[in-house]
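S.K.: I'd like to ask you about the structure that follows.
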Amino acid sequence: MSYFSYINHFVAIVGALFLRWTVSLNPYSGENKAPMYGDYEAQRHWMEITYNLPVKEWYVNSSKNDLLYWGLDYPPLTAYHSWFCGLISNYIDPAWVQLGVSRGFESYHHKLFMRYTVLTADVLIYMTAVLAFINSGLPKLTASKKNILLGLILAYPGLILIDHGHFQYNCISLGLCVWAVVLLVQKQAIAGAVFFSLALNYKQMELYHAFPFFFYLAGLCYKQNTWFRSFIKIVGIGVAVITTFVICWLPFLSDLSLALQVLHRIFPFARGLYEDKVANFWCSLSVLIKIKNILSVQRTVQMCLITTLLVCIPTSIDLFFRPTIKKFLLSLVNCSLAFFLFSFQVHEKSILIAALPVCLLLPTMPLECVWFLLISTFSMYPLLERDGQAISYTALMLLFLILANQFLDLRKQPRATRVLFGLSIAGSVVIHLLALTITPPQRLPDLFVSVRHLPCYSCGLFCWACACLNSQSNAIQTFKRDV
């Protein structure tokens with residue numbers, strides 16, 4: 001890269017850091033809200049538990065570890081990260097992680113520390129991964145386009161508001177996933193599989209991306225010149241994945257009951273079909289049909305599994321027989337949206353997992369991607385409003401829309417898509433205005449939250465359809481060329 005490219009990259013990253021830090025000055029999830037507080041306290045509590053208790057007690061209910069109070073429910077890599085942050089916390093001020101007496105701890109310096117942990121993880125893992133992606137040679141872009149893409153991806157409002165406002169560490173699992181994509185672009189299949197395994201061992205929701213990674217890697221093995229080469233490649237990938245999982249889970253593998261307890265905590269089926277109000281199929285359907293009153297939890301899980309598989313399998317099979325990076329990225333969108341729309345136990349923040357591959361497709365499908373990224377953030381507004389992030393939300397959404405329109409020139413996109421985009425954005429604004437000016441009737445307290453599902457769910461379906469159709473169009477073109 002040229003000297004000016006480095007300067008422009010630096011400016012984009014500094015701008016992204018500025019946005020993150022200004023958002024972090026606002027309230028966070030559960031601030032001063034006893035007795036459970038919120039996600040900020042959950043992360044602090046995990047630091048307290050992992051630092052003070054032996055590894056084998058992290059996921060087990062006891063007098064020292066009440067699982068009803070923000071019990072650890074993420075995979076081992078999250079626990080190790082919490083332990084490391086707890087170690088630093090204890091070095092700075094032991095009161096921050098004092099076992100049993102530090103619940104709800106909030107001080108100025110502790111808030112600074114917690115915000116810095118997210119910002120550091122974002123810079124070291126997510127931002128470096130995005131920078132590596134735009135310089136990986138795919139897609140082929142000019143230097144100015146690379147800078148635009150870097151700035152837009154790092155300015156995505158959803159991730160900034162959840163990680164640096166609400167308070168989470170999504171940037172770690174998403175960053176590891178982007179690194180896995182970069183390595184696959186560079187034809188480093190084994191390293192890519194390892195990085196995706198790390199992402200999956202940090203947050204189980206990375207299962208949303210698992211089908212594309214599995215079928216793309218399997219397709220690469222299938223496409224080898226000889227069966228022997230295919231066997232060697234699949235063994236190499238398999239050994240790398242298994243080794244990564246064994247290393248991550250090693251402290252829990254000596255006791256089968258402990259390993260099963262960790263799995264039970266990671267996949268809490270008892271929580272229900274979805275949490276809060278989510279812009280997916282089942283939550284939207286619940287307005288008319290209360291599934292939980294009709295089907296048992298077991299039947300509901302089976303129904304969600306079958307539905308999700310039916311939606312994921314077609315593009316996954318296509319990816320297996322024609323494993324290209326473009327198809328891989330489209331399949332990431334398709335499968336992650338399929339999981340969000342149809343799977344069991346979906347949280348509104350899970351839309352960030354689908355938003356990640358959409359960000360990576362910005363250069364090839366600009367209007368559709370900008371549309372989805374705006375609506376995905378809009379779908380999380382009730383959560384952000386409760387956190388006191390309404391002003392940050394409005395500012396970041398306007399900034400992202402202005403930057404996208406200025407640098408991607410959305411006016412050159414197909415007229416029909418632009419009309420739908422405009423109607424969707426206008427509808428979102430109207431819903432915001434109605435929620436601000438009209439009090440919903442007492443018997444329908446969630447009226448505007450439910451109405452919000454319509455543009456969000458419709459946009460999700462539209463983008464899922466675009467990913468499927470784009471993938472199938474590429475398959476048809478490849479078939480015609482082969483014939």
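Following the order of the structure tokens, chains are lettered A, B, ..., residues in each are numbered from 1, and ligands are numbered from 1.
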Write out as a PDB file with N, CA, C and O atoms, in the first residue's frame which residues come within 8 Å of segment 409-421 of chain A when counting only C-alpha atoms, dropping same-chain ones fewer than 3 positions away.
M.R.:
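What ended up in out-v3.pdb:
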ATOM      1  N   PRO A 366     -24.393  -2.752  -2.413  1.00  0.00           N
ATOM      2  CA  PRO A 366     -24.367  -1.611  -1.479  1.00  0.00           C
ATOM      3  C   PRO A 366     -25.724  -1.218  -0.907  1.00  0.00           C
ATOM      4  O   PRO A 366     -25.859  -1.057   0.308  1.00  0.00           O
ATOM      5  N   LEU A 367     -26.737  -1.061  -1.766  1.00  0.00           N
ATOM      6  CA  LEU A 367     -28.024  -0.576  -1.274  1.00  0.00           C
ATOM      7  C   LEU A 367     -28.691  -1.603  -0.380  1.00  0.00           C
ATOM      8  O   LEU A 367     -29.195  -1.264   0.704  1.00  0.00           O
ATOM      9  N   GLU A 368     -28.686  -2.861  -0.803  1.00  0.00           N
ATOM     10  CA  GLU A 368     -29.298  -3.907   0.013  1.00  0.00           C
ATOM     11  C   GLU A 368     -28.608  -4.021   1.378  1.00  0.00           C
ATOM     12  O   GLU A 368     -29.261  -4.209   2.412  1.00  0.00           O
ATOM     13  N   TRP A 371     -29.328  -0.942   3.622  1.00  0.00           N
ATOM     14  CA  TRP A 371     -30.717  -1.112   4.060  1.00  0.00           C
ATOM     15  C   TRP A 371     -30.782  -2.057   5.248  1.00  0.00           C
ATOM     16  O   TRP A 371     -31.346  -1.744   6.293  1.00  0.00           O
ATOM     17  N   ALA A 404     -22.965   6.489   3.758  1.00  0.00           N
ATOM     18  CA  ALA A 404     -23.259   5.489   2.728  1.00  0.00           C
ATOM     19  C   ALA A 404     -23.773   6.146   1.462  1.00  0.00           C
ATOM     20  O   ALA A 404     -23.353   5.790   0.349  1.00  0.00           O
ATOM     21  N   ASN A 405     -24.672   7.110   1.607  1.00  0.00           N
ATOM     22  CA  ASN A 405     -25.223   7.784   0.436  1.00  0.00           C
ATOM     23  C   ASN A 405     -24.165   8.606  -0.279  1.00  0.00           C
ATOM     24  O   ASN A 405     -24.143   8.690  -1.519  1.00  0.00           O
ATOM     25  N   GLN A 406     -23.251   9.198   0.477  1.00  0.00           N
ATOM     26  CA  GLN A 406     -22.219  10.049  -0.105  1.00  0.00           C
ATOM     27  C   GLN A 406     -21.167   9.234  -0.852  1.00  0.00           C
ATOM     28  O   GLN A 406     -20.768   9.583  -1.971  1.00  0.00           O
ATOM     29  N   SER A 424     -39.164   1.840   3.383  1.00  0.00           N
ATOM     30  CA  SER A 424     -38.794   1.168   4.629  1.00  0.00           C
ATOM     31  C   SER A 424     -38.233   2.161   5.646  1.00  0.00           C
ATOM     32  O   SER A 424     -38.615   2.147   6.824  1.00  0.00           O
ATOM     33  N   ILE A 425     -37.327   3.029   5.186  1.00  0.00           N
ATOM     34  CA  ILE A 425     -36.732   4.021   6.087  1.00  0.00           C
ATOM     35  C   ILE A 425     -37.788   5.012   6.562  1.00  0.00           C
ATOM     36  O   ILE A 425     -37.851   5.369   7.752  1.00  0.00           O
TER      37      ILE A 425
END
S.K.: Within 10 Å of Asp66 of chain A, counting only C-alpha atoms, which residues show up once you throw out same-chain ones fewer than 6 positions away? Write them as a VMD selection string, please.
M.R.: chain A and resid 49 59 to 60 72 100
S.K.: Restricting the output to N, CA and C atoms, write the selected residues as an mmCIF file, in the first residue's frame.
M.R.:
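Contents of again-v9.cif, as written:
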data_model
loop_
_atom_site.group_PDB
_atom_site.id
_atom_site.type_symbol
_atom_site.label_atom_id
_atom_site.label_comp_id
_atom_site.auth_asym_id
_atom_site.auth_seq_id
_atom_site.Cartn_x
_atom_site.Cartn_y
_atom_site.Cartn_z
ATOM 1 N N ILE A 49 -16.331 -14.377 39.357
ATOM 2 C CA ILE A 49 -16.454 -15.825 39.537
ATOM 3 C C ILE A 49 -15.223 -16.557 39.011
ATOM 4 N N TYR A 59 -19.173 -23.186 36.087
ATOM 5 C CA TYR A 59 -20.491 -23.407 35.494
ATOM 6 C C TYR A 59 -21.436 -24.165 36.425
ATOM 7 N N VAL A 60 -21.015 -24.397 37.662
ATOM 8 C CA VAL A 60 -21.780 -25.234 38.590
ATOM 9 C C VAL A 60 -22.402 -24.377 39.692
ATOM 10 N N LEU A 72 -22.640 -18.019 34.434
ATOM 11 C CA LEU A 72 -21.871 -18.088 33.187
ATOM 12 C C LEU A 72 -22.579 -19.009 32.201
ATOM 13 N N GLY A 100 -18.636 -12.420 46.281
ATOM 14 C CA GLY A 100 -19.821 -12.357 47.129
ATOM 15 C C GLY A 100 -20.230 -10.988 47.606
#
S.K.: Using backbone DSSP assignments, extract all alpha helix (DSSP H) residues from segment 241-463 of chain A; output them as a PyMOL selection string.
M.R.: chain A and resi 241-249+256-266+281-285+297-321+325-342+351-360+366-379+381-386+390-408+415-437+447-463
S.K.: List the neighbours of segment 134-146 of chain A out to 12 Å using only C-alpha atoms; skip same-chain residues closer than 2 positions along the sequence, and give me the result as a tab-separated table (two decimals) with C-alpha atoms, in the first residue's frame.
M.R.:
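Result saved to out_15.tsv:
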chain	number	residue	atom	x	y	z
A	1	MET	CA	0.00	0.00	0.00
A	2	SER	CA	1.04	3.59	-0.55
A	3	TYR	CA	1.88	6.07	2.21
A	4	PHE	CA	-1.45	7.88	1.65
A	5	SER	CA	-3.39	4.62	2.02
A	6	TYR	CA	-1.88	4.10	5.45
A	7	ILE	CA	-2.80	7.66	6.39
A	8	ASN	CA	-6.40	7.18	5.20
A	9	HIS	CA	-6.69	3.88	7.06
A	12	ALA	CA	-10.81	5.86	9.40
A	127	MET	CA	-10.70	-3.70	13.61
A	128	THR	CA	-7.55	-5.53	12.59
A	129	ALA	CA	-9.69	-8.28	11.03
A	130	VAL	CA	-11.74	-5.79	9.00
A	131	LEU	CA	-8.54	-4.04	7.89
A	132	ALA	CA	-7.09	-7.40	6.82
A	148	ILE	CA	-14.64	3.95	2.20
A	149	LEU	CA	-15.38	0.31	2.96
A	150	LEU	CA	-13.20	0.36	6.09
A	151	GLY	CA	-14.90	3.50	7.38
A	152	LEU	CA	-18.43	2.21	6.71
A	153	ILE	CA	-17.92	-1.22	8.27
A	154	LEU	CA	-16.36	0.30	11.37
A	178	VAL	CA	-13.72	-12.17	10.07
A	179	TRP	CA	-10.16	-13.44	10.58
A	181	VAL	CA	-12.90	-15.40	6.38
A	182	VAL	CA	-9.65	-13.56	5.61
A	183	LEU	CA	-7.65	-16.77	5.98
A	184	LEU	CA	-10.03	-18.62	3.65
A	185	VAL	CA	-9.66	-15.82	1.09
A	186	GLN	CA	-5.90	-16.32	1.35
A	187	LYS	CA	-6.43	-20.10	0.82
A	324	THR	CA	-16.25	-19.88	-4.20
A	325	ILE	CA	-15.63	-17.02	-1.79
A	326	LYS	CA	-18.54	-14.99	-3.17
A	329	LEU	CA	-20.16	-14.82	1.82
A	359	CYS	CA	-20.94	-5.68	6.11
A	360	LEU	CA	-18.44	-7.73	4.09
A	361	LEU	CA	-20.76	-7.62	1.05
A	362	LEU	CA	-21.09	-3.81	1.06
A	363	PRO	CA	-19.00	-3.34	-2.13
A	364	THR	CA	-21.03	-5.82	-4.19
A	365	MET	CA	-24.58	-5.14	-2.93
A	404	ALA	CA	-23.26	5.49	2.73
A	407	PHE	CA	-19.57	7.43	-0.80
A	408	LEU	CA	-21.52	4.46	-2.22
A	409	ASP	CA	-23.78	6.67	-4.37
S.K.: Pick out the residues sitting within 10 Å of Pro357 of chain A, and hand them over as a short mmCIF file (atom, residue, chain, number, x, y, z; two decimals) with C-alpha atoms, in the first residue's frame; count only C-alpha atoms, and ignore anything fewer than 4 positions along from it in its own chain.
M.R.:
data_model
loop_
_atom_site.label_atom_id
_atom_site.label_comp_id
_atom_site.auth_asym_id
_atom_site.auth_seq_id
_atom_site.Cartn_x
_atom_site.Cartn_y
_atom_site.Cartn_z
CA LEU A 174 -17.18 -11.44 15.24
CA CYS A 177 -14.97 -14.92 12.41
CA VAL A 178 -13.72 -12.17 10.07
CA VAL A 181 -12.90 -15.40 6.38
CA HIS A 209 -22.18 -19.19 10.56
CA PHE A 328 -19.42 -18.42 0.77
CA LEU A 329 -20.16 -14.82 1.82
CA LEU A 330 -23.70 -15.04 0.43
CA SER A 331 -24.23 -18.32 2.27
CA LEU A 332 -23.05 -16.67 5.51
CA VAL A 333 -25.83 -14.11 5.07
CA ASN A 334 -28.40 -16.73 4.11
CA SER A 336 -27.21 -16.55 9.70
CA LEU A 352 -25.36 -8.68 14.75
CA ILE A 353 -24.27 -12.16 13.62
CA LEU A 361 -20.76 -7.62 1.05
CA LEU A 362 -21.09 -3.81 1.06
CA CYS A 369 -26.52 -4.04 2.61
#
S.K.: So that I can see what lies close to segment 297-301 of chain A, please list as a ChimeraX atom specification the residues with an atom at most 12 Å from it, counting only C-alpha atoms and leaving out residues fewer than 2 positions away in the same chain.
M.R.: /A:267-274,282,290-295,303-308,342-346
S.K.: So how many Å separate atom CA of Leu220 of chain A and atom CA of Phe245 of chain A, to one decimal?
M.R.: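 Answer for the atom CA of Leu220 of chain A to atom CA of Phe245 of chain A separation: 21.8 Å.
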